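Asker: Okay, so here is model_10.cif, and as you'll see once you scroll down, it has mmCIF, C-alpha atoms and all ligand atoms.
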```
data_upload
loop_
_atom_site.label_atom_id
_atom_site.label_comp_id
_atom_site.auth_asym_id
_atom_site.auth_seq_id
_atom_site.Cartn_x
_atom_site.Cartn_y
_atom_site.Cartn_z
CA MET B 1 63.10 -50.15 -30.93
CA ALA B 2 62.16 -47.07 -28.87
CA ASP B 3 62.39 -45.08 -32.12
CA PHE B 4 59.71 -47.16 -33.83
CA SER B 5 56.50 -45.18 -34.30
CA LEU B 6 53.05 -45.56 -35.80
CA ASP B 7 54.37 -43.36 -38.65
CA ASP B 8 56.86 -46.12 -39.46
CA LEU B 9 54.16 -48.79 -39.35
CA GLU B 10 51.86 -46.65 -41.50
CA ARG B 11 54.63 -46.47 -44.12
CA ILE B 12 55.21 -50.24 -43.99
CA VAL B 13 51.47 -50.94 -44.28
CA GLY B 14 51.12 -48.53 -47.23
CA THR B 15 54.03 -50.12 -49.10
CA ARG B 16 53.03 -53.73 -48.41
CA ALA B 17 49.33 -53.08 -49.10
CA ARG B 18 50.07 -52.01 -52.65
CA SER B 19 52.91 -54.50 -53.23
CA GLY B 20 50.70 -57.38 -54.31
CA ALA B 21 53.33 -59.65 -52.69
CA ALA B 22 52.11 -63.22 -52.35
CA ASP B 23 53.79 -63.58 -48.93
CA SER B 24 52.19 -60.42 -47.50
CA TRP B 25 49.25 -60.58 -45.08
CA THR B 26 48.83 -56.82 -45.58
CA ALA B 27 48.58 -57.16 -49.36
CA LYS B 28 46.11 -60.05 -49.00
CA LEU B 29 43.90 -58.18 -46.53
CA TYR B 30 44.05 -54.94 -48.52
CA ALA B 31 43.00 -56.78 -51.69
CA GLN B 32 40.01 -58.27 -49.85
CA GLY B 33 38.68 -54.78 -49.23
CA MET B 34 37.13 -52.70 -46.48
CA GLU B 35 34.46 -55.12 -45.27
CA ARG B 36 37.00 -57.86 -44.48
CA ALA B 37 39.60 -55.48 -43.01
CA ALA B 38 37.01 -53.71 -40.85
CA LYS B 39 35.77 -57.10 -39.61
CA LYS B 40 39.34 -58.03 -38.61
CA LEU B 41 39.66 -54.67 -36.84
CA GLY B 42 36.47 -55.39 -34.90
CA GLU B 43 37.75 -58.86 -33.91
CA GLU B 44 41.04 -57.41 -32.70
CA ALA B 45 39.15 -54.75 -30.71
CA VAL B 46 37.09 -57.44 -28.97
CA GLU B 47 40.22 -59.52 -28.26
CA THR B 48 41.85 -56.39 -26.78
CA VAL B 49 38.82 -55.80 -24.54
CA ILE B 50 38.86 -59.43 -23.38
CA ALA B 51 42.58 -59.24 -22.48
CA ALA B 52 42.03 -55.94 -20.63
CA VAL B 53 39.08 -57.22 -18.60
CA ALA B 54 40.91 -60.47 -17.79
CA GLY B 55 43.90 -58.53 -16.47
CA ASP B 56 46.05 -60.32 -19.07
CA THR B 57 48.84 -57.74 -19.42
CA LYS B 58 50.89 -59.70 -21.97
CA GLY B 59 47.76 -60.40 -24.00
CA LEU B 60 46.75 -56.74 -23.83
CA VAL B 61 50.09 -55.69 -25.33
CA SER B 62 49.85 -58.29 -28.10
CA GLU B 63 46.18 -57.63 -28.94
CA SER B 64 46.78 -53.87 -28.87
CA ALA B 65 49.52 -54.35 -31.46
CA ASP B 66 47.13 -56.41 -33.63
CA LEU B 67 44.48 -53.72 -33.16
CA LEU B 68 46.72 -50.81 -34.18
CA TYR B 69 48.11 -52.69 -37.17
CA HIS B 70 44.63 -53.60 -38.49
CA TRP B 71 43.41 -50.05 -37.76
CA LEU B 72 46.19 -48.73 -40.02
CA VAL B 73 45.11 -51.14 -42.77
CA VAL B 74 41.54 -49.80 -42.48
CA LEU B 75 42.81 -46.21 -42.59
CA ALA B 76 44.84 -47.03 -45.72
CA LEU B 77 41.79 -48.55 -47.40
CA ALA B 78 39.76 -45.43 -46.55
CA ASP B 79 42.64 -43.23 -47.76
CA VAL B 80 42.77 -41.55 -44.34
CA LYS B 81 46.22 -40.53 -43.11
CA LEU B 82 47.44 -41.18 -39.58
CA SER B 83 48.32 -37.45 -39.51
CA ASP B 84 44.61 -36.63 -40.06
CA VAL B 85 43.70 -38.60 -36.93
CA LEU B 86 46.54 -37.03 -34.95
CA ALA B 87 45.43 -33.56 -36.09
CA GLU B 88 41.95 -34.31 -34.75
CA LEU B 89 43.42 -35.54 -31.45
CA GLU B 90 45.61 -32.42 -31.26
CA ARG B 91 42.56 -30.22 -31.86
CA ARG B 92 40.85 -31.92 -28.92
CA THR B 93 43.72 -31.14 -26.53
CA SER B 94 42.28 -27.61 -26.19
CA GLN B 95 39.38 -29.01 -24.18
CA SER B 96 38.85 -31.71 -21.56
CA GLY B 97 36.78 -34.71 -22.57
CA LEU B 98 34.07 -33.97 -19.98
CA ALA B 99 33.81 -30.31 -21.11
CA GLU B 100 33.45 -31.46 -24.72
CA LYS B 101 30.72 -33.93 -23.70
CA ALA B 102 28.89 -31.22 -21.76
CA SER B 103 29.01 -28.82 -24.73
CA ARG B 104 27.52 -31.55 -26.96
CA ASN B 105 24.70 -32.26 -24.52
CA GLN B 106 23.77 -28.56 -24.37
CA GLY B 107 23.22 -28.48 -28.15
N1 LIG K 1 52.08 -55.74 -37.39
C1 LIG K 1 51.72 -56.59 -38.21
C2 LIG K 1 50.73 -57.58 -37.88
N2 LIG K 1 50.05 -57.83 -36.74
C3 LIG K 1 49.26 -58.89 -37.01
N3 LIG K 1 49.45 -59.33 -38.26
C4 LIG K 1 48.84 -60.48 -38.96
O1 LIG K 1 47.45 -60.42 -38.90
C5 LIG K 1 46.96 -61.71 -39.21
C6 LIG K 1 45.65 -61.93 -38.51
O2 LIG K 1 45.90 -62.09 -37.16
P1 LIG K 1 45.06 -63.15 -36.35
O3 LIG K 1 45.66 -63.22 -34.99
O4 LIG K 1 43.62 -62.81 -36.42
O5 LIG K 1 45.41 -64.48 -37.15
P2 LIG K 1 44.46 -65.55 -37.81
O6 LIG K 1 43.52 -66.04 -36.77
O7 LIG K 1 45.39 -66.54 -38.44
O8 LIG K 1 43.65 -64.77 -38.97
P3 LIG K 1 42.32 -65.27 -39.69
O9 LIG K 1 42.44 -66.74 -39.92
O10 LIG K 1 41.15 -64.89 -38.78
O11 LIG K 1 42.25 -64.49 -40.96
C7 LIG K 1 48.06 -62.71 -38.89
O12 LIG K 1 48.51 -63.29 -40.09
C8 LIG K 1 49.15 -61.82 -38.28
O13 LIG K 1 50.44 -62.25 -38.64
C9 LIG K 1 50.36 -58.52 -38.84
N4 LIG K 1 50.87 -58.53 -40.10
C10 LIG K 1 51.80 -57.59 -40.42
N5 LIG K 1 52.23 -56.63 -39.52
C11 LIG K 1 53.26 -55.64 -39.92
O14 LIG K 1 53.23 -55.47 -41.32
C12 LIG K 1 54.50 -55.78 -41.87
C13 LIG K 1 54.32 -56.36 -43.26
O15 LIG K 1 53.68 -57.63 -43.14
P4 LIG K 1 53.31 -58.43 -44.46
O16 LIG K 1 52.39 -57.59 -45.22
O17 LIG K 1 52.64 -59.70 -44.00
O18 LIG K 1 54.60 -58.68 -45.17
C14 LIG K 1 55.16 -56.73 -40.88
O19 LIG K 1 56.56 -56.74 -41.01
C15 LIG K 1 54.69 -56.10 -39.59
O20 LIG K 1 55.48 -54.94 -39.33
#
```
Written as structure tokens, how would this file's structure read?

Answerer:
Amino acid sequence: MADFSLDDLERIVGTRARSGAADSWTAKLYAQGMERAAKKLGEEAVETVIAAVAGDTKGLVSESADLLYHWLVVLALADVKLSDVLAELERRTSQSGLAEKASRNQG
């Protein structure tokens, strides 16, 4: 289980999304398109926020999993790779968040 990564889930989502399998939530959501998938992502984000603010640790873990899964479905629909997002995050490691914010505000 410790070996399971978002890369693995991205692969599963990609395969199931294009499978057309009748028993697949991923295939169903993917077929419904970006508007529906993005709406689900927004709902999961709100549910994650609610769990966090309530101090519901178990709920936060579960809603975070829902959030990341639906985020990967949205990325797949947009044809954006997880590696693209990680590359952007890696690029940002050269600077602290506050320094980046300050440089934006100067412009
Ligand atoms: N990680 C997930 C995952 N997380 C959440 N969900 C599904 O997301 C759906 C929506 O979650 P909700 O809590 O909003 O459920 P809901 O209220 O019934 O949904 P709505 O009525 O609002 O549409 C549920 O059907 C969940 O089962 C997931 N479905 C799939 N995966 C992964 O994708 C793989 C392939 O799944 P299938 O495509 O379904 O075979 C699975 O083996 C998992 O690894």

Asker: Identify which of the residues B:Ala51, B:Leu72, B:Leu86, B:Leu77 lies closest to B:Arg11, counting all atoms listed in the file when measuring atom-to-atom distances.

Answerer: B:Leu72

Asker: Residues within 8 Å of ligand LIG 1 (chain K) (all atoms listed in the file), as a ChimeraX atom specification?

Answerer: /B:9,12-13,16-17,21,23-28,40,43-44,65-70

Asker: Extract, using all atoms listed in the file, all DNA, RNA and protein residues at most 12 Å from B:Lys39, discarding same-chain residues fewer than 4 positions from it, and format them as a JSON list (two decimals) with C-alpha atoms, in the coordinates of the input.

Answerer:
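The resulting file, result_28.json, is shown below:
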```json
[["chain", "number", "residue", "atom", "x", "y", "z"],
["B", 29, "LEU", "CA", 43.90, -58.18, -46.53],
["B", 32, "GLN", "CA", 40.01, -58.27, -49.85],
["B", 33, "GLY", "CA", 38.68, -54.78, -49.23],
["B", 34, "MET", "CA", 37.13, -52.70, -46.48],
["B", 35, "GLU", "CA", 34.46, -55.12, -45.27],
["B", 43, "GLU", "CA", 37.75, -58.86, -33.91],
["B", 44, "GLU", "CA", 41.04, -57.41, -32.70],
["B", 45, "ALA", "CA", 39.15, -54.75, -30.71],
["B", 46, "VAL", "CA", 37.09, -57.44, -28.97],
["B", 67, "LEU", "CA", 44.48, -53.72, -33.16],
["B", 70, "HIS", "CA", 44.63, -53.60, -38.49],
["B", 71, "TRP", "CA", 43.41, -50.05, -37.76],
["B", 73, "VAL", "CA", 45.11, -51.14, -42.77],
["B", 74, "VAL", "CA", 41.54, -49.80, -42.48]]
```

Asker: As an exercise, work out the distance from atom CA of B:Val49 to atom CA of B:Ser64 in Å and give it to one decimal place.

Answerer: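 Separation between atom CA of B:Val49 and atom CA of B:Ser64: 9.3 Å.
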
Asker: Edge lengths and centre, in Å to one decimal, as JSON: that's what I need for the box along x, y and z that holds all listed atoms of stretch 17-23 of chain B plus 5 Å on each side.

Answerer:
```
{"center_x": 51.6, "center_y": -57.8, "center_z": -51.6, "size_x": 14.5, "size_y": 21.6, "size_z": 15.4}
```

Asker: Interatomic distance between atom CA of B:Arg18 and atom CA of B:Ala31?

Answerer: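 It comes out at 8.6 Å.
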
Asker: Using atom CA of B:Ala78 and atom CA of B:Ile50 as the two end points, give the distance in Å to one decimal.

Answerer: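 The value is 27.1 Å.
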
Asker: Counting only C-alpha atoms, figure out which residue out of B:Ala102, B:Leu89, B:Leu75, B:Leu6 gets nearest to B:Leu41.

Answerer: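 Among the listed residues, B:Leu75 lies closest to B:Leu41.
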